[in-house]
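> Structure below; questions to follow.
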Amino acid sequence: MATFKTRLSKIAKTNGKVILANDYDCSVKNLESKTVQNIQKLHPYLCGIKLNFHLLLPLGSKEILKINKTAHKFGLQTIADIKLNDIGNTNRVTTEHLWNLGFDAVIANPIMGLDSLKNLVKSSHKNEKGVITLCHMSAPEAKLSYDMEIKMGKKQQLYQLFLNWAMTAKVDGIVVGATFPKIIQYCSKKSGKKLNIFSPGVGTQGGSANQVISSGTDYLIVGRTILNSKNPVNVAKELQLQSFGK
């Protein structure tokens with residue numbers, strides 16, 4: 001069986017490089033059915049879906065499993081966005097539950113440290129699952145932490161350290177917000193395209209799909225821009241074209 005990175009790349013060749021973030025507010029009802037309907041309606045324009053605590057907390061395991069099975073039925077990859085960051089044993093137990101729920105990859109916070117990150121990647125890859133780590137998030141306040149200057153042998157910014165750890169641990173990809181195209185360009189050049197770059201923040205948060213794709217982003221993570229639009233299919237189609245560089 002192929003790796004997460006290979007599976008995602010394969011579907012992206014035909015469907016484009018858009019990952020739908022199903023980040024619904026608490027006021028939204030019927031979360032499971034809405035998410036399943038999204039997959040059924042939008043899957044021709046997606047390569048994957050991302051679920052975070054907006055769904056993982058209110059929904060039960062059977063509902064999450066059904067969502068993931070529906071995504072897999074259409075060839076999509078599924079990502080658990082929980083910013084995983086804990087000791088090795090907790091990371092192992094957490095990912096075992098996620099894999100049993102049908103997820104293909106997890107988003108982790110590398111602040112856990114390099115050794116813990118290496119172990120997470122090793123155990124995940126053994127199960128043919130993927131690990132994506134935070135490098136620089138899309139919210140404006142992210143600059144307060146990710147741009148922070150640190151000294152680890154040499155002076156550097158925190159996101160630069162996270163990038164180095166991602167390359168050393170051989171993660172499958174990194175998250176760099178679409179609102180920071182220059183940092184995307186830096187990470188793409190520094191990693192030599194060995195890491196896939198996943199960029200949230202297109203549209204609603206101000207990021208430009210065309211700009212970040214030309215800067216080196218591999219996959220667009222898009223939520224509210226599609227979910228809250230009057231015509232989600234048209235928006236997804238347009239983003240699909242932009243993800244192909246058109």
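Identifiers in this document derive from the order of the structure tokens: chains are assigned A, B, ..., residues are numbered from 1 separately in each chain, and ligands are numbered from 1 in order of occurrence.
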Would you return as a tab-separated table (two decimals) with N, CA, C and O atoms, in the first residue's frame the members of stretch 131-236 of chain A that DSSP assigns to helix (DSSP H, G or I) on this structure's backbone?

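Written out: out-v6.tsv:
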```
chain	number	residue	atom	x	y	z
A	140	PRO	N	-2.91	36.41	12.01
A	140	PRO	CA	-1.94	37.51	12.17
A	140	PRO	C	-1.12	37.40	13.46
A	140	PRO	O	0.08	37.69	13.48
A	141	GLU	N	-1.77	36.96	14.55
A	141	GLU	CA	-1.06	36.87	15.84
A	141	GLU	C	0.00	35.77	15.86
A	141	GLU	O	0.79	35.68	16.81
A	142	ALA	N	0.02	34.94	14.82
A	142	ALA	CA	1.03	33.87	14.75
A	142	ALA	C	2.44	34.44	14.72
A	142	ALA	O	3.40	33.80	15.16
A	143	LYS	N	2.57	35.67	14.22
A	143	LYS	CA	3.89	36.30	14.16
A	143	LYS	C	4.51	36.45	15.55
A	143	LYS	O	5.73	36.43	15.70
A	144	LEU	N	3.66	36.61	16.57
A	144	LEU	CA	4.16	36.82	17.93
A	144	LEU	C	4.98	35.63	18.43
A	144	LEU	O	5.90	35.79	19.23
A	145	SER	N	4.65	34.45	17.95
A	145	SER	CA	5.38	33.25	18.39
A	145	SER	C	6.28	32.68	17.31
A	145	SER	O	7.47	32.48	17.52
A	146	TYR	N	5.73	32.44	16.11
A	146	TYR	CA	6.51	31.77	15.08
A	146	TYR	C	7.66	32.62	14.52
A	146	TYR	O	8.63	32.07	14.01
A	158	LEU	N	11.66	30.98	15.23
A	158	LEU	CA	11.09	29.71	15.63
A	158	LEU	C	10.64	28.88	14.44
A	158	LEU	O	10.85	27.66	14.39
A	159	TYR	N	10.02	29.52	13.44
A	159	TYR	CA	9.55	28.74	12.29
A	159	TYR	C	10.71	28.13	11.52
A	159	TYR	O	10.56	27.05	10.90
A	160	GLN	N	11.88	28.75	11.56
A	160	GLN	CA	13.05	28.18	10.90
A	160	GLN	C	13.53	26.92	11.62
A	160	GLN	O	13.93	25.94	10.98
A	161	LEU	N	13.45	26.94	12.94
A	161	LEU	CA	13.79	25.75	13.71
A	161	LEU	C	12.80	24.63	13.41
A	161	LEU	O	13.20	23.48	13.19
A	162	PHE	N	11.50	24.97	13.38
A	162	PHE	CA	10.48	23.98	13.08
A	162	PHE	C	10.67	23.38	11.68
A	162	PHE	O	10.42	22.19	11.46
A	163	LEU	N	11.09	24.20	10.74
A	163	LEU	CA	11.36	23.71	9.39
A	163	LEU	C	12.52	22.71	9.41
A	163	LEU	O	12.44	21.64	8.79
A	164	ASN	N	13.57	23.06	10.12
A	164	ASN	CA	14.74	22.16	10.22
A	164	ASN	C	14.36	20.84	10.88
A	164	ASN	O	14.79	19.76	10.45
A	165	TRP	N	13.55	20.91	11.93
A	165	TRP	CA	13.11	19.69	12.60
A	165	TRP	C	12.25	18.84	11.67
A	165	TRP	O	12.35	17.61	11.67
A	166	ALA	N	11.39	19.50	10.89
A	166	ALA	CA	10.53	18.78	9.96
A	166	ALA	C	11.36	18.00	8.94
A	166	ALA	O	11.06	16.84	8.62
A	167	MET	N	12.41	18.63	8.44
A	167	MET	CA	13.28	17.96	7.46
A	167	MET	C	14.06	16.83	8.11
A	167	MET	O	14.19	15.75	7.55
A	168	THR	N	14.56	17.07	9.33
A	168	THR	CA	15.34	16.05	10.03
A	168	THR	C	14.49	14.84	10.38
A	168	THR	O	14.93	13.69	10.25
A	169	ALA	N	13.26	15.08	10.84
A	169	ALA	CA	12.36	14.00	11.24
A	169	ALA	C	11.69	13.32	10.04
A	169	ALA	O	11.04	12.30	10.20
A	181	PRO	N	3.17	34.53	2.30
A	181	PRO	CA	3.76	33.95	1.08
A	181	PRO	C	5.28	33.98	1.06
A	181	PRO	O	5.91	33.08	0.48
A	182	LYS	N	5.89	34.98	1.68
A	182	LYS	CA	7.36	35.04	1.68
A	182	LYS	C	7.96	33.90	2.50
A	182	LYS	O	9.02	33.37	2.17
A	183	ILE	N	7.27	33.52	3.58
A	183	ILE	CA	7.74	32.40	4.40
A	183	ILE	C	7.52	31.09	3.66
A	183	ILE	O	8.35	30.17	3.75
A	184	ILE	N	6.43	31.00	2.91
A	184	ILE	CA	6.21	29.82	2.05
A	184	ILE	C	7.36	29.67	1.07
A	184	ILE	O	7.92	28.59	0.89
A	185	GLN	N	7.72	30.78	0.45
A	185	GLN	CA	8.82	30.78	-0.53
A	185	GLN	C	10.13	30.35	0.13
A	185	GLN	O	10.89	29.54	-0.43
A	186	TYR	N	10.39	30.86	1.32
A	186	TYR	CA	11.61	30.51	2.06
A	186	TYR	C	11.63	29.01	2.36
A	186	TYR	O	12.63	28.33	2.12
A	187	CYS	N	10.50	28.49	2.88
A	187	CYS	CA	10.44	27.08	3.27
A	187	CYS	C	10.56	26.16	2.06
A	187	CYS	O	11.22	25.11	2.13
A	188	SER	N	9.94	26.55	0.96
A	188	SER	CA	10.01	25.75	-0.26
A	188	SER	C	11.43	25.66	-0.77
A	188	SER	O	11.92	24.59	-1.13
A	189	LYS	N	12.11	26.80	-0.79
A	189	LYS	CA	13.50	26.84	-1.26
A	189	LYS	C	14.44	26.10	-0.32
A	189	LYS	O	15.29	25.33	-0.75
A	190	LYS	N	14.27	26.32	0.98
A	190	LYS	CA	15.15	25.73	1.99
A	190	LYS	C	15.01	24.21	2.02
A	190	LYS	O	16.00	23.49	2.20
A	191	SER	N	13.79	23.70	1.85
A	191	SER	CA	13.57	22.26	1.92
A	191	SER	C	13.85	21.55	0.60
A	191	SER	O	13.84	20.32	0.54
A	209	ALA	N	-4.81	32.31	-3.39
A	209	ALA	CA	-4.45	30.97	-3.88
A	209	ALA	C	-3.36	31.04	-4.94
A	209	ALA	O	-2.37	30.31	-4.89
A	210	ASN	N	-3.53	31.93	-5.91
A	210	ASN	CA	-2.54	32.04	-6.98
A	210	ASN	C	-1.17	32.43	-6.44
A	210	ASN	O	-0.14	31.89	-6.87
A	211	GLN	N	-1.16	33.35	-5.49
A	211	GLN	CA	0.12	33.83	-4.94
A	211	GLN	C	0.86	32.74	-4.18
A	211	GLN	O	2.06	32.57	-4.35
A	212	VAL	N	0.13	31.99	-3.36
A	212	VAL	CA	0.82	30.98	-2.55
A	212	VAL	C	1.25	29.77	-3.39
A	212	VAL	O	2.29	29.16	-3.13
A	213	ILE	N	0.46	29.43	-4.41
A	213	ILE	CA	0.86	28.34	-5.31
A	213	ILE	C	2.15	28.72	-6.03
A	213	ILE	O	3.09	27.92	-6.14
A	214	SER	N	2.23	29.97	-6.50
A	214	SER	CA	3.45	30.41	-7.18
A	214	SER	C	4.62	30.56	-6.21
A	214	SER	O	5.78	30.49	-6.62
A	215	SER	N	4.31	30.71	-4.91
A	215	SER	CA	5.37	30.83	-3.90
A	215	SER	C	5.93	29.47	-3.47
A	215	SER	O	7.00	29.40	-2.86
A	224	ARG	N	-13.94	28.05	5.41
A	224	ARG	CA	-15.06	28.97	5.35
A	224	ARG	C	-15.29	29.58	3.98
A	224	ARG	O	-16.43	29.87	3.60
A	225	THR	N	-14.23	29.79	3.21
A	225	THR	CA	-14.36	30.37	1.87
A	225	THR	C	-15.28	29.51	1.00
A	225	THR	O	-16.05	30.03	0.19
A	226	ILE	N	-15.22	28.21	1.18
A	226	ILE	CA	-16.11	27.30	0.45
A	226	ILE	C	-17.42	27.09	1.20
A	226	ILE	O	-18.51	27.24	0.64
A	227	LEU	N	-17.32	26.76	2.48
A	227	LEU	CA	-18.50	26.41	3.28
A	227	LEU	C	-19.53	27.54	3.36
A	227	LEU	O	-20.74	27.29	3.34
A	232	PRO	N	-20.91	26.78	-3.19
A	232	PRO	CA	-19.68	26.08	-2.83
A	232	PRO	C	-19.02	25.35	-4.00
A	232	PRO	O	-17.79	25.31	-4.09
A	233	VAL	N	-19.82	24.79	-4.90
A	233	VAL	CA	-19.27	24.05	-6.04
A	233	VAL	C	-18.46	24.97	-6.94
A	233	VAL	O	-17.34	24.64	-7.35
A	234	ASN	N	-19.01	26.14	-7.26
A	234	ASN	CA	-18.30	27.09	-8.12
A	234	ASN	C	-17.00	27.56	-7.48
A	234	ASN	O	-15.97	27.69	-8.15
A	235	VAL	N	-17.05	27.82	-6.16
A	235	VAL	CA	-15.85	28.28	-5.46
A	235	VAL	C	-14.79	27.18	-5.45
A	235	VAL	O	-13.60	27.42	-5.69
A	236	ALA	N	-15.23	25.95	-5.19
A	236	ALA	CA	-14.30	24.81	-5.18
A	236	ALA	C	-13.68	24.60	-6.56
A	236	ALA	O	-12.49	24.31	-6.69
```
> Excluding stretch 50-65 of chain A and residues on its chain fewer than 2 positions from it, collect all residues at most 9 Å away from it, counting only C-alpha atoms, and give them as a list in words.
Ile19, Leu20, Ala21, Asn22, Asp23, Tyr24, Asp25, Cys26, Leu31, Glu32, Gly48, Ile67, Asn68, Lys69, Thr70, Gln77, Thr78, Ile79, Ala80, Asp81, Ile82, Asn100, Leu101, Gly102, Phe103, Ile221 and Gly223 of chain A
> Keeping only C-alpha atoms, take the residues you just selected and write them out as a PDB file, in the first residue's frame.

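again34.pdb, freshly written:
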```pdb
ATOM      1  CA  ILE A  19      -8.259  20.118   0.993  1.00  0.00           C
ATOM      2  CA  LEU A  20     -11.625  21.009   2.515  1.00  0.00           C
ATOM      3  CA  ALA A  21     -11.528  22.052   6.176  1.00  0.00           C
ATOM      4  CA  ASN A  22     -14.918  21.161   7.674  1.00  0.00           C
ATOM      5  CA  ASP A  23     -14.704  23.760  10.447  1.00  0.00           C
ATOM      6  CA  TYR A  24     -18.310  24.414  11.404  1.00  0.00           C
ATOM      7  CA  ASP A  25     -19.470  26.674  14.237  1.00  0.00           C
ATOM      8  CA  CYS A  26     -21.228  25.247  17.308  1.00  0.00           C
ATOM      9  CA  LEU A  31     -22.615  17.996  11.457  1.00  0.00           C
ATOM     10  CA  GLU A  32     -22.188  14.447  10.222  1.00  0.00           C
ATOM     11  CA  GLY A  48      -8.699  15.516   0.835  1.00  0.00           C
ATOM     12  CA  ILE A  67     -17.174  10.480   7.320  1.00  0.00           C
ATOM     13  CA  ASN A  68     -13.726   9.012   6.691  1.00  0.00           C
ATOM     14  CA  LYS A  69     -15.162   5.983   4.884  1.00  0.00           C
ATOM     15  CA  THR A  70     -17.215   8.285   2.657  1.00  0.00           C
ATOM     16  CA  GLN A  77      -7.362  11.446   1.993  1.00  0.00           C
ATOM     17  CA  THR A  78      -8.415  12.495   5.513  1.00  0.00           C
ATOM     18  CA  ILE A  79      -6.406  14.543   7.989  1.00  0.00           C
ATOM     19  CA  ALA A  80      -6.959  14.878  11.750  1.00  0.00           C
ATOM     20  CA  ASP A  81      -6.039  18.426  12.689  1.00  0.00           C
ATOM     21  CA  ILE A  82      -5.423  18.218  16.435  1.00  0.00           C
ATOM     22  CA  ASN A 100      -8.758   3.217  13.944  1.00  0.00           C
ATOM     23  CA  LEU A 101     -11.159   6.040  13.080  1.00  0.00           C
ATOM     24  CA  GLY A 102      -9.903   5.911   9.492  1.00  0.00           C
ATOM     25  CA  PHE A 103      -7.649   8.964   9.350  1.00  0.00           C
ATOM     26  CA  ILE A 221      -6.498  24.049   2.994  1.00  0.00           C
ATOM     27  CA  GLY A 223     -12.766  26.005   4.910  1.00  0.00           C
TER      28      GLY A 223
END
```
> Rounded to one decimal, what separation in Å do you get between atom CA of A:Thr217 and atom CA of A:Asp147?
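Computing the Euclidean distance for atom CA of A:Thr217 and atom CA of A:Asp147 yields 19.2 Å.
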> Kindly assemble as a tab-separated table a list of the stretch 37-115 of chain A residues that lie within 7 Å of stretch 7-11 of chain A, each paired with its nearest atom pair and their distance in Å to one decimal, using only C-alpha atoms, sorted first by chain and then by ascending residue number.

```
residue	atom	partner	partner_atom	distance
A:Cys47	CA	A:Ile11	CA	5.6
A:Gly75	CA	A:Ile11	CA	6.7
A:Leu76	CA	A:Ile11	CA	7.0
A:Gln77	CA	A:Leu8	CA	6.2
```
> Keeping only N, CA, C and O atoms, take the residues you just selected and write them out as an mmCIF file, in the first residue's frame.

```cif
data_model
loop_
_atom_site.group_PDB
_atom_site.id
_atom_site.type_symbol
_atom_site.label_atom_id
_atom_site.label_comp_id
_atom_site.auth_asym_id
_atom_site.auth_seq_id
_atom_site.Cartn_x
_atom_site.Cartn_y
_atom_site.Cartn_z
ATOM 1 N N CYS A 47 -8.802 16.921 -3.020
ATOM 2 C CA CYS A 47 -7.917 15.761 -2.877
ATOM 3 C C CYS A 47 -7.993 15.212 -1.455
ATOM 4 O O CYS A 47 -7.499 14.116 -1.178
ATOM 5 N N GLY A 75 -11.935 8.397 -2.987
ATOM 6 C CA GLY A 75 -10.492 8.487 -3.202
ATOM 7 C C GLY A 75 -9.790 9.595 -2.443
ATOM 8 O O GLY A 75 -8.602 9.849 -2.666
ATOM 9 N N LEU A 76 -10.504 10.281 -1.544
ATOM 10 C CA LEU A 76 -9.921 11.410 -0.815
ATOM 11 C C LEU A 76 -9.134 10.935 0.408
ATOM 12 O O LEU A 76 -9.466 9.923 1.017
ATOM 13 N N GLN A 77 -8.118 11.707 0.773
ATOM 14 C CA GLN A 77 -7.362 11.446 1.993
ATOM 15 C C GLN A 77 -7.949 12.289 3.127
ATOM 16 O O GLN A 77 -8.496 13.370 2.891
#
```
> Which residues come within 10 Å of A:Glu128, counting only C-alpha atoms, excluding same-chain residues fewer than 6 positions away, as a PyMOL selection string?
chain A and resi 1-5+99+104-105+122
> Please identify all polymer residues within 8 Å of A:Gly16, counting only C-alpha atoms, omitting same-chain residues fewer than 5 positions from it, and present them as a list in words.
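The contact residues come out as Ile11, Tyr45, Leu46, Cys47, Gln240, Leu241, Ser243 and Phe244 of chain A.
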> Could you dump the residues just selected with all heavy atoms as a PDB file, in the first residue's frame?

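Once everything was written out, this is part.pdb:
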```pdb
ATOM      1  N   ILE A  11      -4.261  11.420  -6.061  1.00  0.00           N
ATOM      2  CA  ILE A  11      -5.591  11.991  -6.244  1.00  0.00           C
ATOM      3  C   ILE A  11      -5.501  13.458  -6.682  1.00  0.00           C
ATOM      4  O   ILE A  11      -6.331  13.955  -7.444  1.00  0.00           O
ATOM      5  CB  ILE A  11      -6.459  11.846  -4.963  1.00  0.00           C
ATOM      6  CG1 ILE A  11      -7.896  12.320  -5.218  1.00  0.00           C
ATOM      7  CG2 ILE A  11      -5.874  12.586  -3.792  1.00  0.00           C
ATOM      8  CD1 ILE A  11      -8.689  11.449  -6.138  1.00  0.00           C
ATOM      9  N   TYR A  45     -13.519  18.104  -6.860  1.00  0.00           N
ATOM     10  CA  TYR A  45     -12.632  19.267  -6.813  1.00  0.00           C
ATOM     11  C   TYR A  45     -11.703  19.244  -5.596  1.00  0.00           C
ATOM     12  O   TYR A  45     -11.048  20.234  -5.289  1.00  0.00           O
ATOM     13  CB  TYR A  45     -13.479  20.550  -6.804  1.00  0.00           C
ATOM     14  CG  TYR A  45     -14.670  20.451  -7.714  1.00  0.00           C
ATOM     15  CD1 TYR A  45     -15.964  20.303  -7.210  1.00  0.00           C
ATOM     16  CD2 TYR A  45     -14.496  20.445  -9.099  1.00  0.00           C
ATOM     17  CE1 TYR A  45     -17.054  20.166  -8.049  1.00  0.00           C
ATOM     18  CE2 TYR A  45     -15.590  20.305  -9.956  1.00  0.00           C
ATOM     19  CZ  TYR A  45     -16.858  20.161  -9.423  1.00  0.00           C
ATOM     20  OH  TYR A  45     -17.940  20.012 -10.265  1.00  0.00           O
ATOM     21  N   LEU A  46     -11.670  18.110  -4.899  1.00  0.00           N
ATOM     22  CA  LEU A  46     -10.878  17.988  -3.672  1.00  0.00           C
ATOM     23  C   LEU A  46      -9.918  16.813  -3.764  1.00  0.00           C
ATOM     24  O   LEU A  46     -10.182  15.832  -4.461  1.00  0.00           O
ATOM     25  CB  LEU A  46     -11.793  17.768  -2.458  1.00  0.00           C
ATOM     26  CG  LEU A  46     -12.926  18.759  -2.200  1.00  0.00           C
ATOM     27  CD1 LEU A  46     -13.775  18.258  -1.028  1.00  0.00           C
ATOM     28  CD2 LEU A  46     -12.382  20.147  -1.919  1.00  0.00           C
ATOM     29  N   CYS A  47      -8.802  16.921  -3.020  1.00  0.00           N
ATOM     30  CA  CYS A  47      -7.917  15.761  -2.877  1.00  0.00           C
ATOM     31  C   CYS A  47      -7.993  15.212  -1.455  1.00  0.00           C
ATOM     32  O   CYS A  47      -7.499  14.116  -1.178  1.00  0.00           O
ATOM     33  CB  CYS A  47      -6.481  16.115  -3.235  1.00  0.00           C
ATOM     34  SG  CYS A  47      -5.734  17.396  -2.202  1.00  0.00           S
ATOM     35  N   GLN A 240      -9.804  24.847  -7.451  1.00  0.00           N
ATOM     36  CA  GLN A 240      -9.164  23.696  -8.108  1.00  0.00           C
ATOM     37  C   GLN A 240      -8.299  24.173  -9.274  1.00  0.00           C
ATOM     38  O   GLN A 240      -7.142  23.756  -9.425  1.00  0.00           O
ATOM     39  CB  GLN A 240     -10.229  22.722  -8.601  1.00  0.00           C
ATOM     40  CG  GLN A 240      -9.662  21.490  -9.324  1.00  0.00           C
ATOM     41  CD  GLN A 240     -10.720  20.729 -10.093  1.00  0.00           C
ATOM     42  OE1 GLN A 240     -11.443  21.320 -10.907  1.00  0.00           O
ATOM     43  NE2 GLN A 240     -10.837  19.429  -9.835  1.00  0.00           N
ATOM     44  N   LEU A 241      -8.848  25.042 -10.122  1.00  0.00           N
ATOM     45  CA  LEU A 241      -8.111  25.561 -11.262  1.00  0.00           C
ATOM     46  C   LEU A 241      -6.871  26.320 -10.802  1.00  0.00           C
ATOM     47  O   LEU A 241      -5.788  26.170 -11.377  1.00  0.00           O
ATOM     48  CB  LEU A 241      -9.019  26.475 -12.110  1.00  0.00           C
ATOM     49  CG  LEU A 241     -10.109  25.794 -12.929  1.00  0.00           C
ATOM     50  CD1 LEU A 241     -11.010  26.830 -13.572  1.00  0.00           C
ATOM     51  CD2 LEU A 241      -9.478  24.884 -13.980  1.00  0.00           C
ATOM     52  N   SER A 243      -5.260  25.866  -8.077  1.00  0.00           N
ATOM     53  CA  SER A 243      -4.280  24.933  -7.497  1.00  0.00           C
ATOM     54  C   SER A 243      -3.433  24.263  -8.575  1.00  0.00           C
ATOM     55  O   SER A 243      -2.333  23.811  -8.325  1.00  0.00           O
ATOM     56  CB  SER A 243      -5.002  23.867  -6.664  1.00  0.00           C
ATOM     57  OG  SER A 243      -5.598  22.870  -7.470  1.00  0.00           O
ATOM     58  N   PHE A 244      -3.982  24.215  -9.799  1.00  0.00           N
ATOM     59  CA  PHE A 244      -3.240  23.682 -10.949  1.00  0.00           C
ATOM     60  C   PHE A 244      -2.357  24.761 -11.579  1.00  0.00           C
ATOM     61  O   PHE A 244      -1.664  24.508 -12.555  1.00  0.00           O
ATOM     62  CB  PHE A 244      -4.198  23.146 -12.009  1.00  0.00           C
ATOM     63  CG  PHE A 244      -4.734  21.769 -11.715  1.00  0.00           C
ATOM     64  CD1 PHE A 244      -6.102  21.520 -11.772  1.00  0.00           C
ATOM     65  CD2 PHE A 244      -3.876  20.721 -11.397  1.00  0.00           C
ATOM     66  CE1 PHE A 244      -6.589  20.239 -11.516  1.00  0.00           C
ATOM     67  CE2 PHE A 244      -4.362  19.439 -11.156  1.00  0.00           C
ATOM     68  CZ  PHE A 244      -5.730  19.206 -11.205  1.00  0.00           C
TER      69      PHE A 244
END
```
> With distances taken over only C-alpha atoms, which of A:Lys237, A:Gly192, A:Ser199, A:Ser124 is nearest to A:His97?
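Between A:Lys237, A:Gly192, A:Ser199, A:Ser124, the residue approaching A:His97 most closely is A:Ser124.
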> Using backbone DSSP assignments, extract all strand (DSSP E) residues from stretch 19-227 of chain A; output them as an NGL selection string.
:A and (19-21 or 48-51 or 77-84 or 105-108 or 130-136 or 149-152 or 154-157 or 173-176 or 196-200 or 219-222)
> Need the shell around A:Ala139: protein/DNA/RNA residues with any atom at most 9 Å away, counting only C-alpha atoms. Skip same-chain ones fewer than 4 positions apart. Format as a VMD selection string?
chain A and resid 143 177 179 201 205
> Which distance in Å separates atom CA of A:Lys34 and atom CA of A:Ile197, to one decimal?
27.8 Å
> Compare A:Lys246, A:Ser116, A:Leu84, A:Cys135 by their minimum atom-to-atom distance to A:Phe198, counting only C-alpha atoms, and give me the closest one.
A:Cys135
> Kindly give the distance, in Å, that separates atom CA of A:Leu134 and atom CA of A:Leu120, rounded to a single decimal.
14.1 Å
